[in-house]
Amino acid sequence: MSGYRVCGVGAPRKLDSANCRGAIRRRWAARRYGLDLQLALYVCYELHYRGFAGVNPRWEWNPGLLHVRGRLEDTFLSAVRNDVGEIGPYETAADAMDTLSVEPVDGSGPSYYLRDTARCITSRKPI
């Protein structure tokens with residue numbers, strides 16, 4: 001999408017839905033978390049929140065751009081839902097963080113090495 005100057009924002013040519021739909025299909029069909037998709041979403045949101053110097057504020061409500069933003073959001077959110085899986089009605093973000101924050105008792109790495117084998121002098125030296 002960045003290769004298309006974000007579907008023509010700031011470009012002299014007129015934006016239309018057909019140009020943006022084609023750009024969406026060509027640029028990131030396989031890159032659901034790609035930087036181009038994230039940049040395009042950022043630009044769409046920034047047009048809504050503050051705008052850009054030299055860009056007409058009417059872009060915020062351009063039907064073609066709103067269509068593109070919806071497609072970008074659908075692409076990203078469907079990838080997240082696919083990768084995260086089904087979330088139960090009583091599961092919360094705090095529960096997920098609690099699960100992720102528990103470190104296994106029998107792990108490996110520098111912290112386990114220092115805990116199990118290091119002496120006071122050893123722990124001051126880089127590993």
# chains A, B, ... in the order shown; residues from 1 in each chain; ligands from 1

call {"tool": "closest_atom_pairs", "arguments": {"of": "range 62-95 of chain A", "to": "range 34-38 of chain A", "cutoff": "12 Å", "atoms": "only C-alpha atoms", "output": "JSON lines"}}
result
{"residue": "A:Val68", "atom": "CA", "partner": "A:Leu37", "partner_atom": "CA", "distance": 10.8}
{"residue": "A:Arg69", "atom": "CA", "partner": "A:Leu37", "partner_atom": "CA", "distance": 10.0}
{"residue": "A:Gly70", "atom": "CA", "partner": "A:Leu37", "partner_atom": "CA", "distance": 12.0}
{"residue": "A:Arg71", "atom": "CA", "partner": "A:Leu37", "partner_atom": "CA", "distance": 10.3}
{"residue": "A:Leu72", "atom": "CA", "partner": "A:Leu37", "partner_atom": "CA", "distance": 6.8}
{"residue": "A:Glu73", "atom": "CA", "partner": "A:Leu37", "partner_atom": "CA", "distance": 9.1}
{"residue": "A:Asp74", "atom": "CA", "partner": "A:Leu37", "partner_atom": "CA", "distance": 11.1}
{"residue": "A:Thr75", "atom": "CA", "partner": "A:Leu37", "partner_atom": "CA", "distance": 8.8}
{"residue": "A:Phe76", "atom": "CA", "partner": "A:Leu37", "partner_atom": "CA", "distance": 8.0}
{"residue": "A:Leu77", "atom": "CA", "partner": "A:Leu37", "partner_atom": "CA", "distance": 11.6}
{"residue": "A:Ala79", "atom": "CA", "partner": "A:Gly34", "partner_atom": "CA", "distance": 11.2}

call {"tool": "write_last_selection", "arguments": {"atoms": "C-alpha atoms", "output": "mmCIF file, in the first residue's frame"}}
result
data_model
loop_
_atom_site.group_PDB
_atom_site.id
_atom_site.type_symbol
_atom_site.label_atom_id
_atom_site.label_comp_id
_atom_site.auth_asym_id
_atom_site.auth_seq_id
_atom_site.Cartn_x
_atom_site.Cartn_y
_atom_site.Cartn_z
ATOM 1 C CA VAL A 68 -10.650 0.844 2.097
ATOM 2 C CA ARG A 69 -10.400 1.415 5.842
ATOM 3 C CA GLY A 70 -13.177 -1.108 6.431
ATOM 4 C CA ARG A 71 -11.419 -3.671 4.268
ATOM 5 C CA LEU A 72 -8.124 -3.066 6.063
ATOM 6 C CA GLU A 73 -9.782 -3.486 9.451
ATOM 7 C CA ASP A 74 -11.572 -6.660 8.300
ATOM 8 C CA THR A 75 -8.305 -8.126 7.009
ATOM 9 C CA PHE A 76 -6.440 -7.390 10.236
ATOM 10 C CA LEU A 77 -9.214 -8.411 12.638
ATOM 11 C CA ALA A 79 -6.255 -12.567 11.072
#

call {"tool": "residues_around", "arguments": {"residues": "Leu47 in chain A", "least_positions_apart": "5", "cutoff": "12 Å", "atoms": "only C-alpha atoms", "output": "list of chain:residue names"}}
result
A:Val6, A:Val9, A:Gly10, A:Ala40, A:Leu41, A:Tyr42, A:Phe52, A:Ala53, A:Gly54, A:Val55, A:Asn56, A:Pro57, A:Arg58, A:Trp59, A:Glu60, A:Trp61, A:Asn62, A:Leu65, A:Leu66, A:Arg69
